[in-house]
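Source file: start_36.txt; contents: compact mmCIF, N, CA and C atoms and all ligand atoms.
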# COMPACT_ATOMS: atom_id res chain seq x y z
N MET A 9 105.56 138.81 103.37
CA MET A 9 104.64 139.74 102.69
C MET A 9 105.09 141.18 102.92
N LYS A 10 105.41 141.51 104.16
CA LYS A 10 105.86 142.88 104.48
C LYS A 10 107.13 143.23 103.69
N ALA A 11 108.10 142.31 103.67
CA ALA A 11 109.37 142.57 103.01
C ALA A 11 109.14 142.81 101.53
N LYS A 12 108.21 142.06 100.97
CA LYS A 12 107.93 142.17 99.55
C LYS A 12 107.41 143.58 99.24
N ILE A 13 106.54 144.06 100.10
CA ILE A 13 105.95 145.37 99.86
C ILE A 13 107.01 146.47 99.93
N SER A 14 107.91 146.41 100.91
CA SER A 14 108.90 147.48 101.00
C SER A 14 109.85 147.44 99.82
N LEU A 15 110.13 146.25 99.30
CA LEU A 15 110.97 146.15 98.11
C LEU A 15 110.29 146.81 96.93
N MET A 16 108.98 146.63 96.84
CA MET A 16 108.24 147.24 95.74
C MET A 16 108.30 148.76 95.83
N CYS A 17 108.25 149.28 97.04
CA CYS A 17 108.29 150.73 97.21
C CYS A 17 109.61 151.27 96.67
N LEU A 18 110.68 150.56 96.92
CA LEU A 18 111.99 150.99 96.44
C LEU A 18 112.03 151.02 94.92
N ALA A 19 111.32 150.10 94.31
CA ALA A 19 111.37 149.97 92.85
C ALA A 19 110.46 150.98 92.16
N LEU A 20 109.59 151.61 92.91
CA LEU A 20 108.57 152.45 92.28
C LEU A 20 109.08 153.64 91.45
N PRO A 21 109.99 154.45 91.94
CA PRO A 21 110.34 155.65 91.16
C PRO A 21 110.73 155.31 89.72
N ALA A 22 111.40 154.18 89.53
CA ALA A 22 111.83 153.78 88.20
C ALA A 22 110.64 153.34 87.35
N ALA A 23 109.57 152.95 88.01
CA ALA A 23 108.45 152.36 87.28
C ALA A 23 107.43 153.38 86.80
N VAL A 24 107.49 154.59 87.30
CA VAL A 24 106.44 155.56 86.97
C VAL A 24 106.69 156.17 85.58
N SER A 25 105.79 155.87 84.71
CA SER A 25 105.86 156.41 83.35
C SER A 25 104.46 156.34 82.76
N LEU A 26 104.13 157.26 81.89
CA LEU A 26 102.75 157.36 81.41
C LEU A 26 102.28 156.14 80.64
N SER A 27 103.12 155.61 79.78
CA SER A 27 102.68 154.51 78.94
C SER A 27 102.88 153.15 79.61
N TYR A 28 103.39 153.17 80.81
CA TYR A 28 103.72 151.94 81.49
C TYR A 28 102.48 151.30 82.12
N ALA A 29 102.21 150.06 81.77
CA ALA A 29 101.10 149.35 82.40
C ALA A 29 101.64 148.64 83.62
N ALA A 30 101.31 149.14 84.78
CA ALA A 30 101.87 148.60 86.02
C ALA A 30 101.24 147.28 86.38
N PRO A 31 102.02 146.39 86.97
CA PRO A 31 101.44 145.15 87.47
C PRO A 31 100.41 145.47 88.56
N ALA A 32 99.44 144.58 88.71
CA ALA A 32 98.34 144.84 89.65
C ALA A 32 98.84 145.12 91.06
N ALA A 33 99.85 144.38 91.51
CA ALA A 33 100.32 144.56 92.89
C ALA A 33 100.85 145.98 93.09
N GLU A 34 101.47 146.49 92.06
CA GLU A 34 102.02 147.85 92.13
C GLU A 34 100.90 148.89 92.13
N ASN A 35 99.93 148.70 91.25
CA ASN A 35 98.78 149.61 91.22
C ASN A 35 98.05 149.57 92.55
N TRP A 36 97.92 148.39 93.12
CA TRP A 36 97.21 148.25 94.39
C TRP A 36 97.94 149.07 95.46
N GLU A 37 99.25 148.89 95.54
CA GLU A 37 100.04 149.63 96.53
C GLU A 37 99.92 151.14 96.35
N ASN A 38 100.01 151.57 95.10
CA ASN A 38 100.03 153.00 94.80
C ASN A 38 98.68 153.67 94.92
N SER A 39 97.65 153.00 94.42
CA SER A 39 96.37 153.69 94.26
C SER A 39 95.26 153.19 95.16
N CYS A 40 95.42 152.04 95.75
CA CYS A 40 94.28 151.43 96.44
C CYS A 40 94.53 151.19 97.92
N ALA A 41 95.77 150.86 98.28
CA ALA A 41 96.06 150.41 99.64
C ALA A 41 95.83 151.50 100.69
N SER A 42 95.90 152.77 100.28
CA SER A 42 95.70 153.84 101.27
C SER A 42 94.32 153.76 101.90
N CYS A 43 93.35 153.28 101.15
CA CYS A 43 92.00 153.09 101.70
C CYS A 43 91.74 151.62 102.03
N HIS A 44 91.96 150.76 101.05
CA HIS A 44 91.58 149.35 101.21
C HIS A 44 92.59 148.54 102.03
N GLY A 45 93.78 149.09 102.28
CA GLY A 45 94.79 148.37 103.05
C GLY A 45 95.61 147.47 102.16
N ALA A 46 96.88 147.23 102.55
CA ALA A 46 97.78 146.41 101.74
C ALA A 46 97.19 145.03 101.49
N GLU A 47 96.47 144.51 102.48
CA GLU A 47 95.91 143.17 102.35
C GLU A 47 94.41 143.20 102.06
N GLY A 48 93.91 144.38 101.72
CA GLY A 48 92.51 144.50 101.33
C GLY A 48 91.52 144.43 102.48
N LYS A 49 92.00 144.57 103.69
CA LYS A 49 91.10 144.43 104.83
C LYS A 49 90.33 145.71 105.15
N GLY A 50 90.69 146.79 104.49
CA GLY A 50 90.00 148.05 104.75
C GLY A 50 90.30 148.58 106.13
N ASP A 51 91.44 148.15 106.69
CA ASP A 51 91.73 148.49 108.08
C ASP A 51 92.64 149.72 108.22
N THR A 52 92.68 150.56 107.19
CA THR A 52 93.45 151.79 107.29
C THR A 52 92.56 152.85 107.94
N LYS A 53 93.16 153.97 108.27
CA LYS A 53 92.40 155.06 108.88
C LYS A 53 91.24 155.47 107.96
N LYS A 54 91.58 155.70 106.69
CA LYS A 54 90.55 156.09 105.72
C LYS A 54 89.53 154.97 105.53
N GLY A 55 90.06 153.75 105.45
CA GLY A 55 89.20 152.60 105.21
C GLY A 55 88.16 152.42 106.31
N LYS A 56 88.59 152.65 107.53
CA LYS A 56 87.65 152.50 108.66
C LYS A 56 86.59 153.57 108.61
N LYS A 57 87.03 154.77 108.26
CA LYS A 57 86.11 155.90 108.19
C LYS A 57 85.06 155.64 107.10
N LEU A 58 85.51 155.04 106.00
CA LEU A 58 84.62 154.78 104.86
C LEU A 58 83.85 153.48 105.03
N LYS A 59 84.13 152.77 106.12
CA LYS A 59 83.49 151.46 106.39
C LYS A 59 83.66 150.51 105.21
N LEU A 60 84.89 150.31 104.83
CA LEU A 60 85.17 149.43 103.69
C LEU A 60 85.03 147.96 104.06
N ARG A 61 84.71 147.19 103.05
CA ARG A 61 84.60 145.75 103.25
C ARG A 61 85.97 145.11 103.36
N ASP A 62 85.99 143.96 104.01
CA ASP A 62 87.23 143.20 104.20
C ASP A 62 87.34 142.16 103.08
N TYR A 63 88.21 142.42 102.12
CA TYR A 63 88.32 141.52 100.97
C TYR A 63 88.99 140.19 101.32
N SER A 64 89.54 140.09 102.53
CA SER A 64 90.11 138.80 102.91
C SER A 64 89.02 137.86 103.41
N ASN A 65 87.85 138.41 103.65
CA ASN A 65 86.72 137.62 104.16
C ASN A 65 86.04 136.84 103.02
N PRO A 66 86.06 135.51 103.08
CA PRO A 66 85.48 134.71 101.99
C PRO A 66 84.02 135.06 101.71
N LYS A 67 83.27 135.45 102.75
CA LYS A 67 81.86 135.81 102.55
C LYS A 67 81.74 137.05 101.68
N VAL A 68 82.60 138.01 101.95
CA VAL A 68 82.62 139.25 101.17
C VAL A 68 82.95 138.93 99.71
N GLN A 69 83.89 138.02 99.52
CA GLN A 69 84.29 137.62 98.17
C GLN A 69 83.11 137.03 97.40
N VAL A 70 82.26 136.29 98.10
CA VAL A 70 81.10 135.68 97.44
C VAL A 70 80.09 136.76 97.05
N GLU A 71 79.94 137.74 97.94
CA GLU A 71 78.98 138.82 97.69
C GLU A 71 79.35 139.66 96.46
N LEU A 72 80.63 139.84 96.27
CA LEU A 72 81.08 140.74 95.20
C LEU A 72 81.07 140.06 93.85
N LYS A 73 80.55 140.77 92.88
CA LYS A 73 80.56 140.25 91.50
C LYS A 73 81.70 140.93 90.73
N ASP A 74 82.33 140.18 89.83
CA ASP A 74 83.45 140.73 89.07
C ASP A 74 83.06 142.03 88.34
N GLU A 75 81.87 142.02 87.71
CA GLU A 75 81.46 143.19 86.93
C GLU A 75 81.30 144.41 87.84
N GLU A 76 80.77 144.15 89.02
CA GLU A 76 80.55 145.21 90.00
C GLU A 76 81.90 145.81 90.44
N MET A 77 82.87 144.94 90.62
CA MET A 77 84.18 145.41 91.05
C MET A 77 84.86 146.21 89.94
N LEU A 78 84.77 145.68 88.72
CA LEU A 78 85.38 146.35 87.58
C LEU A 78 84.77 147.74 87.39
N LYS A 79 83.46 147.80 87.54
CA LYS A 79 82.75 149.07 87.37
C LYS A 79 83.20 150.07 88.45
N ALA A 80 83.36 149.58 89.68
CA ALA A 80 83.79 150.46 90.78
C ALA A 80 85.16 151.05 90.46
N ILE A 81 86.05 150.20 89.94
CA ILE A 81 87.42 150.66 89.67
C ILE A 81 87.43 151.64 88.49
N ILE A 82 86.70 151.31 87.44
CA ILE A 82 86.73 152.15 86.25
C ILE A 82 85.93 153.44 86.44
N GLU A 83 84.73 153.30 86.99
CA GLU A 83 83.85 154.47 87.06
C GLU A 83 83.80 155.13 88.43
N GLY A 84 84.38 154.46 89.43
CA GLY A 84 84.32 155.01 90.78
C GLY A 84 83.01 154.65 91.47
N VAL A 85 82.89 155.08 92.71
CA VAL A 85 81.68 154.77 93.49
C VAL A 85 81.14 156.07 94.08
N THR A 86 79.87 156.34 93.83
CA THR A 86 79.25 157.52 94.45
C THR A 86 78.07 157.07 95.28
N ASP A 87 77.76 157.85 96.27
CA ASP A 87 76.59 157.59 97.10
C ASP A 87 75.81 158.89 97.18
N LYS A 88 74.61 158.86 96.66
CA LYS A 88 73.75 160.06 96.59
C LYS A 88 74.51 161.25 96.02
N GLY A 89 75.21 161.00 94.93
CA GLY A 89 75.92 162.07 94.24
C GLY A 89 77.25 162.44 94.86
N LYS A 90 77.56 161.88 96.01
CA LYS A 90 78.85 162.18 96.65
C LYS A 90 79.87 161.11 96.32
N GLU A 91 81.06 161.53 95.95
CA GLU A 91 82.08 160.56 95.57
C GLU A 91 82.62 159.81 96.79
N ARG A 92 82.57 158.45 96.71
CA ARG A 92 83.14 157.64 97.79
C ARG A 92 84.51 157.11 97.35
N MET A 93 84.57 156.71 96.11
CA MET A 93 85.85 156.26 95.53
C MET A 93 85.92 156.87 94.14
N LYS A 94 87.08 157.42 93.82
CA LYS A 94 87.18 158.08 92.52
C LYS A 94 87.28 157.06 91.39
N ALA A 95 86.99 157.53 90.19
CA ALA A 95 87.11 156.68 89.00
C ALA A 95 88.58 156.60 88.61
N PHE A 96 89.01 155.41 88.19
CA PHE A 96 90.42 155.25 87.80
C PHE A 96 90.59 155.14 86.30
N LYS A 97 89.53 155.40 85.54
CA LYS A 97 89.61 155.20 84.09
C LYS A 97 90.65 156.08 83.40
N ASP A 98 90.98 157.24 83.99
CA ASP A 98 91.98 158.10 83.37
C ASP A 98 93.41 157.69 83.74
N GLU A 99 93.52 156.86 84.74
CA GLU A 99 94.85 156.48 85.22
C GLU A 99 95.30 155.11 84.78
N MET A 100 94.31 154.26 84.45
CA MET A 100 94.72 152.92 84.03
C MET A 100 93.81 152.37 82.95
N SER A 101 94.34 151.41 82.24
CA SER A 101 93.58 150.80 81.16
C SER A 101 92.56 149.82 81.75
N GLU A 102 91.62 149.40 80.89
CA GLU A 102 90.64 148.42 81.34
C GLU A 102 91.35 147.12 81.72
N ALA A 103 92.41 146.79 80.97
CA ALA A 103 93.17 145.56 81.26
C ALA A 103 93.76 145.63 82.67
N GLU A 104 94.29 146.79 83.02
CA GLU A 104 94.86 146.93 84.37
C GLU A 104 93.76 146.82 85.43
N ALA A 105 92.60 147.41 85.13
CA ALA A 105 91.49 147.34 86.09
C ALA A 105 91.06 145.89 86.27
N LYS A 106 91.03 145.14 85.16
CA LYS A 106 90.66 143.72 85.24
C LYS A 106 91.66 142.94 86.08
N GLU A 107 92.92 143.28 85.91
CA GLU A 107 93.94 142.60 86.71
C GLU A 107 93.77 142.92 88.19
N LEU A 108 93.31 144.13 88.47
CA LEU A 108 93.07 144.49 89.87
C LEU A 108 91.91 143.69 90.46
N VAL A 109 90.90 143.42 89.62
CA VAL A 109 89.79 142.58 90.09
C VAL A 109 90.35 141.21 90.48
N ALA A 110 91.21 140.67 89.61
CA ALA A 110 91.82 139.37 89.90
C ALA A 110 92.69 139.46 91.16
N TYR A 111 93.33 140.59 91.33
CA TYR A 111 94.18 140.80 92.51
C TYR A 111 93.33 140.78 93.79
N VAL A 112 92.20 141.47 93.72
CA VAL A 112 91.30 141.52 94.88
C VAL A 112 90.82 140.10 95.22
N ARG A 113 90.57 139.30 94.20
CA ARG A 113 90.15 137.90 94.42
C ARG A 113 91.21 137.12 95.19
N LYS A 114 92.47 137.45 94.93
CA LYS A 114 93.55 136.72 95.58
C LYS A 114 93.78 137.15 97.03
N LEU A 115 93.12 138.22 97.42
CA LEU A 115 93.28 138.70 98.80
C LEU A 115 92.47 137.86 99.79
N LYS A 116 91.64 136.99 99.24
CA LYS A 116 90.81 136.12 100.09
C LYS A 116 91.69 135.28 101.02
N ALA A 117 91.32 135.25 102.28
CA ALA A 117 92.15 134.52 103.27
C ALA A 117 92.01 133.02 103.10
C1 LIG A 201 89.55 157.12 98.84
C2 LIG A 201 89.60 155.73 99.26
C3 LIG A 201 89.62 154.66 98.19
C4 LIG A 201 90.62 154.38 97.29
C5 LIG A 201 91.95 155.12 97.11
C6 LIG A 201 90.17 153.25 96.53
N1 LIG A 201 88.93 152.84 96.96
FE1 LIG A 201 87.91 151.24 96.29
N2 LIG A 201 86.30 151.81 97.36
C7 LIG A 201 86.28 152.86 98.24
C8 LIG A 201 84.94 153.03 98.72
C9 LIG A 201 84.47 154.08 99.72
C10 LIG A 201 84.15 152.05 98.09
C11 LIG A 201 82.66 151.80 98.24
C12 LIG A 201 82.42 150.86 99.36
C13 LIG A 201 80.96 150.72 99.67
O1 LIG A 201 80.15 151.42 99.10
O2 LIG A 201 80.67 149.88 100.53
C14 LIG A 201 85.05 151.29 97.24
C15 LIG A 201 84.66 150.20 96.48
C16 LIG A 201 85.52 149.41 95.78
C17 LIG A 201 85.16 148.19 95.10
C18 LIG A 201 83.76 147.60 94.95
C19 LIG A 201 83.49 146.57 95.98
C20 LIG A 201 83.13 147.18 97.29
O3 LIG A 201 83.85 146.91 98.27
O4 LIG A 201 82.16 147.94 97.37
C21 LIG A 201 86.30 147.68 94.57
C22 LIG A 201 86.47 146.39 93.81
C23 LIG A 201 87.36 148.62 94.88
N3 LIG A 201 86.86 149.64 95.63
C24 LIG A 201 88.66 148.47 94.49
C25 LIG A 201 89.59 149.50 94.53
C26 LIG A 201 90.83 149.49 93.78
C27 LIG A 201 91.30 148.35 92.90
C28 LIG A 201 91.43 150.69 94.03
C29 LIG A 201 92.72 151.22 93.44
C30 LIG A 201 92.78 151.30 92.00
C31 LIG A 201 90.59 151.43 94.96
N4 LIG A 201 89.48 150.66 95.22
C32 LIG A 201 90.89 152.65 95.51
C33 LIG A 201 87.36 153.64 98.62
C34 LIG A 201 88.56 153.69 97.96
What do you get writing this file as structure tokens?
Amino acid sequence: MKAKISLMCLALPAAVSLSYAAPAAENWENSCASCHGAEGKGDTKKGKKLKLRDYSNPKVQVELKDEEMLKAIIEGVTDKGKERMKAFKDEMSEAEAKELVAYVRKLKA
């Protein structure tokens, strides 16, 4: 798993383009892993501070609804008007966001 991720990092500069629909794993690495962690455990510095859920936990997976996840990715998450997670609608298509939901599902241990 580790080796795969570093290979992806090497491939990134070639992949960045406006019209390019990135595969979910790439979007996850670029836009999500800094908070949610490469494996979705929320065990990064930021993730711990934000008290993120552990997506590898099967119980957490049951709690989360697909629509809720899609909405979080597209519209972002705010708490009492304060932004907790930004909206990604300007950076990715709905199809990419849907693929990320599927990606999060696969993070289940
Ligand atoms: C700045 C840190 C940060 C980044 C970057 C980030 N998130 Fe989040 N994410 C959060 C926070 C904070 C929440 C809200 C958690 C809560 O309220 O318990 C959240 C919530 C979610 C949720 C809703 C389920 C839940 O745990 O509440 C999903 C799904 C999600 N994020 C996926 C993503 C994806 C996919 C990306 C990348 C496109 C991403 N996040 C990028 C911080 C981040």
Considering only N, CA and C atoms and all ligand atoms, tabulate each residue of chain A that lies at most 6 Å from ligand LIG 201 (chain A) along with its nearest interatomic pair and the corresponding distance in Å to one decimal; arrange the rows by chain and ascending residue number and present them as a tab-separated table.
residue	atom	partner	partner_atom	distance
A:Asn35	C	A:LIG201	C30	5.6
A:Trp36	CA	A:LIG201	C29	5.5
A:Ser39	C	A:LIG201	C29	3.6
A:Cys40	CA	A:LIG201	C29	3.4
A:Ala41	N	A:LIG201	C29	5.7
A:Ser42	C	A:LIG201	C5	5.5
A:Cys43	CA	A:LIG201	C2	4.3
A:His44	N	A:LIG201	C3	5.4
A:Leu58	CA	A:LIG201	C9	5.2
A:Lys59	C	A:LIG201	O2	5.6
A:Leu60	CA	A:LIG201	C12	5.3
A:Arg61	N	A:LIG201	O3	4.9
A:Glu76	C	A:LIG201	C18	5.2
A:Met77	CA	A:LIG201	C22	3.7
A:Leu78	N	A:LIG201	C22	5.4
A:Ala80	CA	A:LIG201	C18	5.1
A:Ile81	N	A:LIG201	C21	5.3
A:Val85	CA	A:LIG201	C11	5.7
A:Arg92	C	A:LIG201	C9	3.8
A:Met93	CA	A:LIG201	C33	4.3
A:Lys94	N	A:LIG201	C1	5.6
A:Leu108	CA	A:LIG201	C27	5.2
A:Val109	N	A:LIG201	C27	5.9
Going by DSSP on the backbone, which residues of region 44-81 of chain A come out as alpha helix (DSSP H)? List them as JSON, numbers by chain. {"A": [44, 53, 54, 55, 56, 57, 66, 67, 68, 69, 70, 71, 74, 75, 76, 77, 78, 79, 80, 81]}
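Of note, CA of Glu104 (chain A) and atom N of Gly55 (chain A) are spaced 22.7 Å apart.
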Env of Arg113 (chain A): 12 Å cut, atoms = only C-alpha atoms, seq-sep filter 2 positions within chain, self excluded. Answer as a PyMOL selection string. chain A and resi 32+47-48+62-74+77-78+106-111+115-117
If you run DSSP on this backbone, which residues of chain A come out as strand (DSSP E), and could you give them as a PDB file with N, CA and C atoms, in the coordinates of the input?
ATOM      1  N   VAL A  85      82.890 155.080  92.710  1.00  0.00           N
ATOM      2  CA  VAL A  85      81.680 154.770  93.490  1.00  0.00           C
ATOM      3  C   VAL A  85      81.140 156.070  94.080  1.00  0.00           C
ATOM      4  N   THR A  86      79.870 156.340  93.830  1.00  0.00           N
ATOM      5  CA  THR A  86      79.250 157.520  94.450  1.00  0.00           C
ATOM      6  C   THR A  86      78.070 157.070  95.280  1.00  0.00           C
ATOM      7  N   ASP A  87      77.760 157.850  96.270  1.00  0.00           N
ATOM      8  CA  ASP A  87      76.590 157.590  97.100  1.00  0.00           C
ATOM      9  C   ASP A  87      75.810 158.890  97.180  1.00  0.00           C
ATOM     10  N   LYS A  90      77.560 161.880  96.010  1.00  0.00           N
ATOM     11  CA  LYS A  90      78.850 162.180  96.650  1.00  0.00           C
ATOM     12  C   LYS A  90      79.870 161.110  96.320  1.00  0.00           C
ATOM     13  N   GLU A  91      81.060 161.530  95.950  1.00  0.00           N
ATOM     14  CA  GLU A  91      82.080 160.560  95.570  1.00  0.00           C
ATOM     15  C   GLU A  91      82.620 159.810  96.790  1.00  0.00           C
ATOM     16  N   ARG A  92      82.570 158.450  96.710  1.00  0.00           N
ATOM     17  CA  ARG A  92      83.140 157.640  97.790  1.00  0.00           C
ATOM     18  C   ARG A  92      84.510 157.110  97.350  1.00  0.00           C
ATOM     19  N   MET A  93      84.570 156.710  96.110  1.00  0.00           N
ATOM     20  CA  MET A  93      85.850 156.260  95.530  1.00  0.00           C
ATOM     21  C   MET A  93      85.920 156.870  94.140  1.00  0.00           C
TER      22      MET A  93
END
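The space between CA of Gly89 (chain A) and atom C of Ala33 (chain A) spans 29.7 Å.
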Hey, can you check how far CA of Lys88 (chain A) sits from CA of Glu37 (chain A)? 28.3 Å
Test item: axis-aligned box, all listed atoms of region 60-65 of chain A, 6 Å on each side, centre and edges in Å rounded to one decimal, as AutoDock Vina command-line options:
--center_x 87.4 --center_y 143.6 --center_z 102.9 --size_x 17.5 --size_y 25.5 --size_z 15.9
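Considering only C-alpha atoms, the residue among A:Pro31, A:Lys56, A:Ile82, A:Gly50 positioned nearest to Lys97 (chain A) is A:Ile82.
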Missing atoms in region 56-70 of chain A: fill them in up to N, CA, C and O atoms and send the result as an mmCIF file, in the frame of the given file.
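Writing done, so here's result13.cif:
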data_model
loop_
_atom_site.group_PDB
_atom_site.id
_atom_site.type_symbol
_atom_site.label_atom_id
_atom_site.label_comp_id
_atom_site.auth_asym_id
_atom_site.auth_seq_id
_atom_site.Cartn_x
_atom_site.Cartn_y
_atom_site.Cartn_z
ATOM 1 N N LYS A 56 88.590 152.650 107.530
ATOM 2 C CA LYS A 56 87.650 152.500 108.660
ATOM 3 C C LYS A 56 86.590 153.570 108.610
ATOM 4 O O LYS A 56 85.410 153.323 108.848
ATOM 5 N N LYS A 57 87.030 154.770 108.260
ATOM 6 C CA LYS A 57 86.110 155.900 108.190
ATOM 7 C C LYS A 57 85.060 155.640 107.100
ATOM 8 O O LYS A 57 83.879 155.955 107.250
ATOM 9 N N LEU A 58 85.510 155.040 106.000
ATOM 10 C CA LEU A 58 84.620 154.780 104.860
ATOM 11 C C LEU A 58 83.850 153.480 105.030
ATOM 12 O O LEU A 58 83.039 153.121 104.196
ATOM 13 N N LYS A 59 84.130 152.770 106.120
ATOM 14 C CA LYS A 59 83.490 151.460 106.390
ATOM 15 C C LYS A 59 83.660 150.510 105.210
ATOM 16 O O LYS A 59 82.693 149.985 104.646
ATOM 17 N N LEU A 60 84.890 150.310 104.830
ATOM 18 C CA LEU A 60 85.170 149.430 103.690
ATOM 19 C C LEU A 60 85.030 147.960 104.060
ATOM 20 O O LEU A 60 85.228 147.575 105.209
ATOM 21 N N ARG A 61 84.710 147.190 103.050
ATOM 22 C CA ARG A 61 84.600 145.750 103.250
ATOM 23 C C ARG A 61 85.970 145.110 103.360
ATOM 24 O O ARG A 61 86.941 145.633 102.809
ATOM 25 N N ASP A 62 85.990 143.960 104.010
ATOM 26 C CA ASP A 62 87.230 143.200 104.200
ATOM 27 C C ASP A 62 87.340 142.160 103.080
ATOM 28 O O ASP A 62 86.634 141.154 103.090
ATOM 29 N N TYR A 63 88.210 142.420 102.120
ATOM 30 C CA TYR A 63 88.320 141.520 100.970
ATOM 31 C C TYR A 63 88.990 140.190 101.320
ATOM 32 O O TYR A 63 89.040 139.298 100.491
ATOM 33 N N SER A 64 89.540 140.090 102.530
ATOM 34 C CA SER A 64 90.110 138.800 102.910
ATOM 35 C C SER A 64 89.020 137.860 103.410
ATOM 36 O O SER A 64 89.231 136.662 103.564
ATOM 37 N N ASN A 65 87.850 138.410 103.650
ATOM 38 C CA ASN A 65 86.720 137.620 104.160
ATOM 39 C C ASN A 65 86.040 136.840 103.020
ATOM 40 O O ASN A 65 85.523 137.450 102.082
ATOM 41 N N PRO A 66 86.060 135.510 103.080
ATOM 42 C CA PRO A 66 85.480 134.710 101.990
ATOM 43 C C PRO A 66 84.020 135.060 101.710
ATOM 44 O O PRO A 66 83.582 135.001 100.565
ATOM 45 N N LYS A 67 83.270 135.450 102.750
ATOM 46 C CA LYS A 67 81.860 135.810 102.550
ATOM 47 C C LYS A 67 81.740 137.050 101.680
ATOM 48 O O LYS A 67 80.858 137.155 100.828
ATOM 49 N N VAL A 68 82.600 138.010 101.950
ATOM 50 C CA VAL A 68 82.620 139.250 101.170
ATOM 51 C C VAL A 68 82.950 138.930 99.710
ATOM 52 O O VAL A 68 82.342 139.455 98.779
ATOM 53 N N GLN A 69 83.890 138.020 99.520
ATOM 54 C CA GLN A 69 84.290 137.620 98.170
ATOM 55 C C GLN A 69 83.110 137.030 97.400
ATOM 56 O O GLN A 69 82.981 137.239 96.202
ATOM 57 N N VAL A 70 82.260 136.290 98.100
ATOM 58 C CA VAL A 70 81.100 135.680 97.440
ATOM 59 C C VAL A 70 80.090 136.760 97.050
ATOM 60 O O VAL A 70 79.500 136.731 95.981
#
